[in-house]
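Below is coords-v3.txt, which holds compact mmCIF, N, CA and C atoms and all ligand atoms.
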```txt
# COMPACT_ATOMS: atom_id res chain seq x y z
N MET A 1209 6.13 -18.85 15.75
CA MET A 1209 6.18 -17.66 14.90
C MET A 1209 6.49 -16.42 15.75
N SER A 1210 7.30 -15.50 15.17
CA SER A 1210 7.73 -14.31 15.91
C SER A 1210 6.56 -13.34 16.14
N ASP A 1211 6.67 -12.54 17.21
CA ASP A 1211 5.64 -11.55 17.51
C ASP A 1211 5.74 -10.33 16.59
N THR A 1212 6.97 -10.11 16.06
CA THR A 1212 7.15 -8.92 15.22
C THR A 1212 6.50 -9.15 13.87
N ASP A 1213 5.88 -8.09 13.36
CA ASP A 1213 5.19 -8.18 12.08
C ASP A 1213 6.24 -8.13 10.96
N PRO A 1214 6.42 -9.24 10.22
CA PRO A 1214 7.47 -9.25 9.18
C PRO A 1214 7.23 -8.23 8.09
N LEU A 1215 5.97 -7.91 7.84
CA LEU A 1215 5.69 -6.90 6.81
C LEU A 1215 6.15 -5.52 7.26
N ALA A 1216 5.89 -5.21 8.55
CA ALA A 1216 6.32 -3.91 9.08
C ALA A 1216 7.84 -3.83 9.10
N THR A 1217 8.50 -4.94 9.47
CA THR A 1217 9.97 -4.97 9.48
C THR A 1217 10.50 -4.76 8.07
N LEU A 1218 9.94 -5.50 7.11
CA LEU A 1218 10.40 -5.39 5.72
C LEU A 1218 10.16 -3.97 5.20
N GLU A 1219 9.01 -3.39 5.55
CA GLU A 1219 8.73 -2.01 5.11
C GLU A 1219 9.80 -1.05 5.63
N ALA A 1220 10.19 -1.21 6.89
CA ALA A 1220 11.21 -0.32 7.47
C ALA A 1220 12.56 -0.53 6.77
N VAL A 1221 12.91 -1.80 6.49
CA VAL A 1221 14.19 -2.09 5.81
C VAL A 1221 14.17 -1.47 4.41
N ILE A 1222 13.04 -1.60 3.71
CA ILE A 1222 12.92 -1.05 2.35
C ILE A 1222 13.15 0.46 2.37
N ARG A 1223 12.52 1.15 3.33
CA ARG A 1223 12.67 2.62 3.43
C ARG A 1223 14.13 2.99 3.64
N GLU A 1224 14.80 2.21 4.49
CA GLU A 1224 16.21 2.49 4.77
C GLU A 1224 17.07 2.23 3.53
N ARG A 1225 16.82 1.11 2.83
CA ARG A 1225 17.66 0.72 1.70
C ARG A 1225 17.45 1.59 0.46
N MET A 1226 16.32 2.30 0.40
CA MET A 1226 16.10 3.15 -0.78
C MET A 1226 17.22 4.18 -0.93
N GLY A 1227 17.85 4.54 0.19
CA GLY A 1227 18.94 5.52 0.13
C GLY A 1227 20.31 4.87 0.15
N ALA A 1228 20.36 3.53 0.00
CA ALA A 1228 21.64 2.81 0.09
C ALA A 1228 22.37 2.83 -1.26
N ASP A 1229 23.54 2.23 -1.26
CA ASP A 1229 24.36 2.13 -2.48
C ASP A 1229 23.75 1.06 -3.40
N PRO A 1230 23.40 1.40 -4.64
CA PRO A 1230 22.81 0.43 -5.55
C PRO A 1230 23.69 -0.81 -5.78
N ASP A 1231 25.00 -0.67 -5.57
CA ASP A 1231 25.88 -1.83 -5.76
C ASP A 1231 25.64 -2.90 -4.69
N SER A 1232 25.12 -2.48 -3.53
CA SER A 1232 24.98 -3.43 -2.43
C SER A 1232 23.51 -3.72 -2.08
N SER A 1233 22.57 -3.09 -2.78
CA SER A 1233 21.16 -3.24 -2.38
C SER A 1233 20.24 -3.34 -3.59
N TYR A 1234 19.43 -4.41 -3.61
CA TYR A 1234 18.44 -4.58 -4.69
C TYR A 1234 17.39 -3.47 -4.63
N VAL A 1235 16.98 -3.10 -3.41
CA VAL A 1235 15.97 -2.03 -3.26
C VAL A 1235 16.52 -0.71 -3.81
N ALA A 1236 17.78 -0.41 -3.51
CA ALA A 1236 18.39 0.83 -4.01
C ALA A 1236 18.46 0.79 -5.54
N ARG A 1237 18.73 -0.41 -6.11
CA ARG A 1237 18.78 -0.52 -7.58
C ARG A 1237 17.40 -0.26 -8.18
N LEU A 1238 16.36 -0.83 -7.54
CA LEU A 1238 14.99 -0.58 -8.02
C LEU A 1238 14.65 0.91 -7.92
N HIS A 1239 15.01 1.52 -6.78
CA HIS A 1239 14.74 2.95 -6.56
C HIS A 1239 15.40 3.79 -7.66
N ALA A 1240 16.63 3.42 -8.02
CA ALA A 1240 17.35 4.17 -9.06
C ALA A 1240 16.65 4.04 -10.41
N LYS A 1241 15.97 2.91 -10.65
CA LYS A 1241 15.30 2.71 -11.94
C LYS A 1241 13.98 3.48 -12.04
N GLY A 1242 13.42 3.84 -10.87
CA GLY A 1242 12.21 4.68 -10.89
C GLY A 1242 10.90 3.92 -10.75
N ARG A 1243 9.84 4.72 -10.53
CA ARG A 1243 8.52 4.15 -10.19
C ARG A 1243 7.93 3.30 -11.31
N ALA A 1244 8.12 3.72 -12.57
CA ALA A 1244 7.52 2.96 -13.69
C ALA A 1244 8.12 1.55 -13.73
N LYS A 1245 9.43 1.44 -13.53
CA LYS A 1245 10.09 0.12 -13.56
C LYS A 1245 9.61 -0.74 -12.38
N ILE A 1246 9.46 -0.10 -11.23
CA ILE A 1246 8.99 -0.85 -10.05
C ILE A 1246 7.55 -1.34 -10.29
N ALA A 1247 6.72 -0.47 -10.87
CA ALA A 1247 5.33 -0.85 -11.17
C ALA A 1247 5.32 -2.03 -12.15
N GLN A 1248 6.23 -1.99 -13.13
CA GLN A 1248 6.32 -3.10 -14.09
C GLN A 1248 6.70 -4.39 -13.37
N LYS A 1249 7.62 -4.31 -12.41
CA LYS A 1249 8.01 -5.51 -11.65
C LYS A 1249 6.81 -6.06 -10.88
N VAL A 1250 5.99 -5.17 -10.31
CA VAL A 1250 4.79 -5.62 -9.58
C VAL A 1250 3.88 -6.39 -10.54
N GLY A 1251 3.73 -5.85 -11.75
CA GLY A 1251 2.90 -6.52 -12.76
C GLY A 1251 3.45 -7.91 -13.10
N GLU A 1252 4.76 -8.00 -13.29
CA GLU A 1252 5.37 -9.29 -13.64
C GLU A 1252 5.18 -10.30 -12.51
N GLU A 1253 5.39 -9.83 -11.28
CA GLU A 1253 5.25 -10.75 -10.13
C GLU A 1253 3.79 -11.17 -9.96
N ALA A 1254 2.86 -10.26 -10.28
CA ALA A 1254 1.43 -10.60 -10.19
C ALA A 1254 1.10 -11.70 -11.19
N VAL A 1255 1.62 -11.59 -12.41
CA VAL A 1255 1.37 -12.61 -13.45
C VAL A 1255 1.95 -13.95 -13.00
N GLU A 1256 3.19 -13.92 -12.47
CA GLU A 1256 3.81 -15.18 -12.00
C GLU A 1256 3.00 -15.80 -10.85
N THR A 1257 2.42 -14.94 -10.01
CA THR A 1257 1.59 -15.43 -8.90
C THR A 1257 0.33 -16.11 -9.46
N VAL A 1258 -0.29 -15.47 -10.44
CA VAL A 1258 -1.50 -16.03 -11.05
C VAL A 1258 -1.21 -17.39 -11.70
N ILE A 1259 -0.08 -17.46 -12.41
CA ILE A 1259 0.28 -18.73 -13.09
C ILE A 1259 0.48 -19.85 -12.05
N ALA A 1260 1.20 -19.54 -10.97
CA ALA A 1260 1.44 -20.55 -9.92
C ALA A 1260 0.11 -21.01 -9.32
N ALA A 1261 -0.82 -20.06 -9.12
CA ALA A 1261 -2.12 -20.42 -8.54
C ALA A 1261 -2.91 -21.33 -9.47
N ILE A 1262 -2.91 -20.97 -10.76
CA ILE A 1262 -3.67 -21.76 -11.74
C ILE A 1262 -3.09 -23.17 -11.87
N GLU A 1263 -1.75 -23.25 -11.78
CA GLU A 1263 -1.10 -24.57 -11.88
C GLU A 1263 -1.26 -25.38 -10.60
N GLY A 1264 -1.77 -24.75 -9.55
CA GLY A 1264 -1.98 -25.47 -8.28
C GLY A 1264 -0.68 -25.80 -7.57
N ASP A 1265 0.38 -25.00 -7.86
CA ASP A 1265 1.69 -25.25 -7.26
C ASP A 1265 1.81 -24.39 -6.00
N ARG A 1266 1.52 -25.00 -4.85
CA ARG A 1266 1.44 -24.23 -3.60
C ARG A 1266 2.78 -23.63 -3.19
N ALA A 1267 3.88 -24.38 -3.42
CA ALA A 1267 5.20 -23.85 -3.05
C ALA A 1267 5.55 -22.64 -3.93
N ALA A 1268 5.30 -22.79 -5.25
CA ALA A 1268 5.59 -21.68 -6.16
C ALA A 1268 4.68 -20.49 -5.84
N LEU A 1269 3.42 -20.76 -5.51
CA LEU A 1269 2.49 -19.67 -5.19
C LEU A 1269 2.97 -18.90 -3.95
N THR A 1270 3.47 -19.64 -2.96
CA THR A 1270 3.97 -18.99 -1.74
C THR A 1270 5.15 -18.07 -2.08
N GLY A 1271 6.08 -18.59 -2.90
CA GLY A 1271 7.25 -17.80 -3.27
C GLY A 1271 6.89 -16.59 -4.12
N GLU A 1272 6.00 -16.80 -5.09
CA GLU A 1272 5.60 -15.69 -5.97
C GLU A 1272 4.80 -14.64 -5.20
N ALA A 1273 3.97 -15.09 -4.26
CA ALA A 1273 3.21 -14.14 -3.45
C ALA A 1273 4.17 -13.29 -2.61
N ALA A 1274 5.23 -13.92 -2.09
CA ALA A 1274 6.23 -13.16 -1.32
C ALA A 1274 6.92 -12.13 -2.22
N ASP A 1275 7.29 -12.54 -3.45
CA ASP A 1275 7.90 -11.59 -4.40
C ASP A 1275 6.94 -10.44 -4.71
N LEU A 1276 5.66 -10.79 -4.89
CA LEU A 1276 4.66 -9.77 -5.23
C LEU A 1276 4.50 -8.77 -4.09
N ILE A 1277 4.37 -9.28 -2.88
CA ILE A 1277 4.18 -8.39 -1.72
C ILE A 1277 5.42 -7.52 -1.51
N PHE A 1278 6.61 -8.12 -1.67
CA PHE A 1278 7.85 -7.35 -1.53
C PHE A 1278 7.87 -6.19 -2.53
N HIS A 1279 7.62 -6.49 -3.81
CA HIS A 1279 7.68 -5.43 -4.82
C HIS A 1279 6.56 -4.40 -4.63
N LEU A 1280 5.40 -4.86 -4.14
CA LEU A 1280 4.30 -3.91 -3.86
C LEU A 1280 4.70 -2.95 -2.74
N LEU A 1281 5.38 -3.47 -1.72
CA LEU A 1281 5.87 -2.60 -0.63
C LEU A 1281 6.86 -1.57 -1.16
N VAL A 1282 7.74 -2.01 -2.09
CA VAL A 1282 8.70 -1.06 -2.68
C VAL A 1282 7.94 0.01 -3.47
N LEU A 1283 6.91 -0.41 -4.22
CA LEU A 1283 6.13 0.56 -5.02
C LEU A 1283 5.41 1.56 -4.11
N LEU A 1284 4.83 1.06 -3.01
CA LEU A 1284 4.14 1.96 -2.07
C LEU A 1284 5.14 2.97 -1.50
N ALA A 1285 6.31 2.48 -1.06
CA ALA A 1285 7.32 3.37 -0.48
C ALA A 1285 7.76 4.41 -1.51
N GLU A 1286 7.97 3.95 -2.73
CA GLU A 1286 8.40 4.85 -3.82
C GLU A 1286 7.33 5.92 -4.09
N SER A 1287 6.07 5.59 -3.81
CA SER A 1287 4.96 6.50 -4.06
C SER A 1287 4.59 7.33 -2.84
N GLY A 1288 5.39 7.22 -1.77
CA GLY A 1288 5.12 8.00 -0.55
C GLY A 1288 3.96 7.45 0.26
N LEU A 1289 3.66 6.16 0.06
CA LEU A 1289 2.57 5.53 0.81
C LEU A 1289 3.15 4.42 1.70
N SER A 1290 2.35 4.01 2.68
CA SER A 1290 2.83 2.99 3.62
C SER A 1290 1.75 1.93 3.83
N LEU A 1291 2.16 0.86 4.53
CA LEU A 1291 1.19 -0.17 4.89
C LEU A 1291 0.05 0.41 5.72
N ASP A 1292 0.37 1.43 6.54
CA ASP A 1292 -0.68 2.05 7.36
C ASP A 1292 -1.75 2.70 6.48
N ASP A 1293 -1.35 3.26 5.34
CA ASP A 1293 -2.34 3.83 4.43
C ASP A 1293 -3.28 2.73 3.92
N VAL A 1294 -2.69 1.57 3.59
CA VAL A 1294 -3.51 0.45 3.08
C VAL A 1294 -4.39 -0.10 4.21
N ARG A 1295 -3.79 -0.23 5.41
CA ARG A 1295 -4.59 -0.70 6.56
C ARG A 1295 -5.77 0.23 6.79
N GLY A 1296 -5.51 1.54 6.72
CA GLY A 1296 -6.57 2.53 6.93
C GLY A 1296 -7.70 2.36 5.92
N GLU A 1297 -7.33 2.11 4.67
CA GLU A 1297 -8.35 1.93 3.62
C GLU A 1297 -9.17 0.66 3.88
N LEU A 1298 -8.48 -0.42 4.30
CA LEU A 1298 -9.20 -1.68 4.58
C LEU A 1298 -10.16 -1.50 5.75
N ILE A 1299 -9.69 -0.77 6.77
CA ILE A 1299 -10.55 -0.53 7.95
C ILE A 1299 -11.75 0.33 7.55
N ARG A 1300 -11.50 1.35 6.67
CA ARG A 1300 -12.59 2.20 6.21
C ARG A 1300 -13.65 1.35 5.48
N ARG A 1301 -13.17 0.41 4.63
CA ARG A 1301 -14.11 -0.44 3.88
C ARG A 1301 -14.90 -1.34 4.81
N GLU A 1302 -14.20 -1.86 5.84
CA GLU A 1302 -14.88 -2.70 6.83
C GLU A 1302 -16.01 -1.91 7.47
N GLY A 1303 -15.72 -0.64 7.79
CA GLY A 1303 -16.74 0.24 8.40
C GLY A 1303 -17.89 0.46 7.46
N VAL A 1304 -17.57 0.70 6.15
CA VAL A 1304 -18.62 0.94 5.15
C VAL A 1304 -19.49 -0.30 5.01
N SER A 1305 -18.85 -1.49 4.90
CA SER A 1305 -19.68 -2.69 4.71
C SER A 1305 -20.48 -3.00 5.96
N GLY A 1306 -19.91 -2.66 7.15
CA GLY A 1306 -20.67 -2.83 8.40
C GLY A 1306 -21.91 -1.94 8.41
N LEU A 1307 -21.73 -0.70 7.94
CA LEU A 1307 -22.87 0.24 7.89
C LEU A 1307 -23.91 -0.25 6.88
N GLU A 1308 -23.41 -0.79 5.74
CA GLU A 1308 -24.34 -1.30 4.71
C GLU A 1308 -25.16 -2.47 5.25
N GLU A 1309 -24.48 -3.37 5.99
CA GLU A 1309 -25.19 -4.52 6.57
C GLU A 1309 -26.24 -4.05 7.56
N LYS A 1310 -25.85 -3.04 8.38
CA LYS A 1310 -26.79 -2.50 9.38
C LYS A 1310 -28.00 -1.89 8.69
N ALA A 1311 -27.74 -1.14 7.61
CA ALA A 1311 -28.83 -0.50 6.87
C ALA A 1311 -29.75 -1.56 6.27
N ALA A 1312 -29.15 -2.66 5.74
CA ALA A 1312 -29.95 -3.72 5.11
C ALA A 1312 -30.84 -4.38 6.15
N ARG A 1313 -30.31 -4.55 7.38
CA ARG A 1313 -31.09 -5.20 8.45
C ARG A 1313 -32.28 -4.35 8.88
N THR A 1314 -32.13 -3.00 8.78
CA THR A 1314 -33.20 -2.11 9.25
C THR A 1314 -34.23 -1.82 8.15
N ARG A 1315 -33.93 -2.31 6.89
CA ARG A 1315 -34.86 -2.05 5.80
C ARG A 1315 -36.12 -2.90 5.93
N1 LIG B 1 12.31 -9.67 0.28
C1 LIG B 1 13.17 -9.37 -0.58
C2 LIG B 1 13.05 -9.82 -1.93
N2 LIG B 1 12.12 -10.60 -2.55
C3 LIG B 1 12.52 -10.70 -3.83
N3 LIG B 1 13.67 -10.02 -4.03
C4 LIG B 1 14.47 -9.89 -5.25
O1 LIG B 1 13.62 -9.64 -6.32
C5 LIG B 1 14.26 -10.06 -7.51
C6 LIG B 1 13.23 -10.68 -8.38
O2 LIG B 1 13.84 -11.50 -9.29
P1 LIG B 1 13.62 -11.32 -10.84
O3 LIG B 1 14.33 -12.45 -11.49
O4 LIG B 1 12.18 -11.13 -11.14
O5 LIG B 1 14.35 -9.93 -11.13
P2 LIG B 1 15.84 -9.64 -11.52
O6 LIG B 1 16.21 -10.37 -12.75
O7 LIG B 1 16.75 -9.88 -10.33
O8 LIG B 1 15.77 -8.06 -11.76
P3 LIG B 1 15.15 -7.26 -13.02
O9 LIG B 1 16.31 -6.93 -13.90
O10 LIG B 1 14.07 -8.07 -13.67
O11 LIG B 1 14.57 -6.03 -12.36
C7 LIG B 1 15.41 -11.00 -7.11
O12 LIG B 1 16.66 -10.37 -7.35
C8 LIG B 1 15.18 -11.19 -5.60
O13 LIG B 1 16.38 -11.27 -4.87
C9 LIG B 1 14.02 -9.45 -2.87
N4 LIG B 1 15.08 -8.63 -2.55
C10 LIG B 1 15.18 -8.22 -1.28
N5 LIG B 1 14.27 -8.56 -0.29
C11 LIG B 1 14.44 -8.06 1.08
O14 LIG B 1 14.58 -6.66 1.02
C12 LIG B 1 15.45 -6.22 2.03
C13 LIG B 1 16.48 -5.28 1.44
O15 LIG B 1 17.24 -5.93 0.45
P4 LIG B 1 18.49 -5.18 -0.20
O16 LIG B 1 17.98 -3.92 -0.79
O17 LIG B 1 19.05 -6.11 -1.25
O18 LIG B 1 19.46 -4.91 0.93
C14 LIG B 1 16.11 -7.46 2.66
O19 LIG B 1 15.47 -7.63 3.91
C15 LIG B 1 15.75 -8.57 1.71
O20 LIG B 1 15.52 -9.76 2.40
```
Turn the structure described in the file into structure tokens.
Ligand SMILES: N=c1c2ncn([C@@H]3O[C@H](COP(=O)(O)OP(=O)(O)OP(=O)(O)O)[C@@H](O)[C@H]3O)c2ncn1[C@@H]1O[C@H](COP(=O)(O)O)[C@@H](O)[C@H]1O
Amino acid sequence: MSDTDPLATLEAVIRERMGADPDSSYVARLHAKGRAKIAQKVGEEAVETVIAAIEGDRAALTGEAADLIFHLLVLLAESGLSLDDVRGELIRREGVSGLEEKAARTR
């Protein structure tokens, strides 16, 4: 497996393609349709992911999860947010739950 983070690479490509020609780029076409349409695509991909999981179809789940993550990255970029914002929130929660565990131990 490569050392480069594929999510970070994809995020950078998405940012670049948002300004590309819609005739040659799916991301540019999504960008032209606007945030509400992109959010709707995230919803559709989430439903397809859930269906694949319930059916126990691991190959379909892998593909749908990739579609979901891709469209979520486009939605974040369209909203002026990045993976770093999400990482920051996850790290903040880790800190909060760590503090909660520490508090519970001292009670
Ligand atoms: N990772 C992806 C990726 N995952 C899914 N998709 C597209 O997402 C779409 C989802 O399929 P659907 O049938 O649900 O949607 P659709 O019928 O094509 O479109 P709608 O009319 O429903 O909006 C397909 O067209 C897929 O090609 C992706 N399109 C692009 N990328 C990557 O994004 C980068 C930029 O791509 P371009 O913008 O095309 O240069 C490249 O690195 C690509 O590999």
Can you work out which residues are within 6 Å of ligand LIG 1 (chain B), considering only N, CA and C atoms and all ligand atoms, and then hand them over as a PyMOL selection string? chain A and resi 1218+1221-1222+1225+1232-1236+1274-1275+1278
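Of the residues listed (A:Thr1257, A:Gly1242, A:Leu1269, A:Arg1315), A:Gly1242 shows the shortest atom-to-atom separation from Glu1286 of chain A; distances use all atoms listed in the file.
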Mind checking DSSP for chain A and telling me the helix (DSSP H, G or I) residues as a PyMOL selection string? chain A and resi 1214-1225+1234-1241+1243-1263+1266-1286+1291-1314
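Atom C of Gln1248 of chain A to atom C of Glu1272 of chain A spans 13.2 Å [interatomic distance, one decimal].
Here atom CA of Ile1246 of chain A stands at a distance of 6.0 Å from atom CA of Leu1283 of chain A.
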Suppose you want the space between atom N of Lys1249 of chain A and atom C of Ala1285 of chain A; what is it in Å?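 Distance reported for this atom pair: 14.0 Å.
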Check the smallest atom-to-atom distance from each of A:Leu1307, A:Ile1299, A:Ala1247, A:Ala1312 to Val1282 of chain A using only C-alpha atoms, then report the winner.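 Using only C-alpha atoms, Val1282 of chain A sits closest to A:Ala1247.
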For Ala1261 of chain A, please output as a PDB file with N, CA and C atoms, keeping the file's coordinate frame all residues within 10 Å (counting only C-alpha atoms; exclusion window: fewer than 5 positions along the same chain).
```pdb
ATOM      1  N   VAL A1255       1.620 -11.590 -12.410  1.00  0.00           N
ATOM      2  CA  VAL A1255       1.370 -12.610 -13.450  1.00  0.00           C
ATOM      3  C   VAL A1255       1.950 -13.950 -13.000  1.00  0.00           C
ATOM      4  N   GLU A1256       3.190 -13.920 -12.470  1.00  0.00           N
ATOM      5  CA  GLU A1256       3.810 -15.180 -12.000  1.00  0.00           C
ATOM      6  C   GLU A1256       3.000 -15.800 -10.850  1.00  0.00           C
ATOM      7  N   ARG A1266       1.520 -25.000  -4.850  1.00  0.00           N
ATOM      8  CA  ARG A1266       1.440 -24.230  -3.600  1.00  0.00           C
ATOM      9  C   ARG A1266       2.780 -23.630  -3.190  1.00  0.00           C
ATOM     10  N   ALA A1267       3.880 -24.380  -3.420  1.00  0.00           N
ATOM     11  CA  ALA A1267       5.200 -23.850  -3.050  1.00  0.00           C
ATOM     12  C   ALA A1267       5.550 -22.640  -3.930  1.00  0.00           C
ATOM     13  N   ALA A1268       5.300 -22.790  -5.250  1.00  0.00           N
ATOM     14  CA  ALA A1268       5.590 -21.680  -6.160  1.00  0.00           C
ATOM     15  C   ALA A1268       4.680 -20.490  -5.840  1.00  0.00           C
ATOM     16  N   LEU A1269       3.420 -20.760  -5.510  1.00  0.00           N
ATOM     17  CA  LEU A1269       2.490 -19.670  -5.190  1.00  0.00           C
ATOM     18  C   LEU A1269       2.970 -18.900  -3.950  1.00  0.00           C
ATOM     19  N   THR A1270       3.470 -19.640  -2.960  1.00  0.00           N
ATOM     20  CA  THR A1270       3.970 -18.990  -1.740  1.00  0.00           C
ATOM     21  C   THR A1270       5.150 -18.070  -2.080  1.00  0.00           C
ATOM     22  N   GLU A1272       6.000 -16.800  -5.090  1.00  0.00           N
ATOM     23  CA  GLU A1272       5.600 -15.690  -5.970  1.00  0.00           C
ATOM     24  C   GLU A1272       4.800 -14.640  -5.200  1.00  0.00           C
ATOM     25  N   ALA A1273       3.970 -15.090  -4.260  1.00  0.00           N
ATOM     26  CA  ALA A1273       3.210 -14.140  -3.450  1.00  0.00           C
ATOM     27  C   ALA A1273       4.170 -13.290  -2.610  1.00  0.00           C
TER      28      ALA A1273
END
```
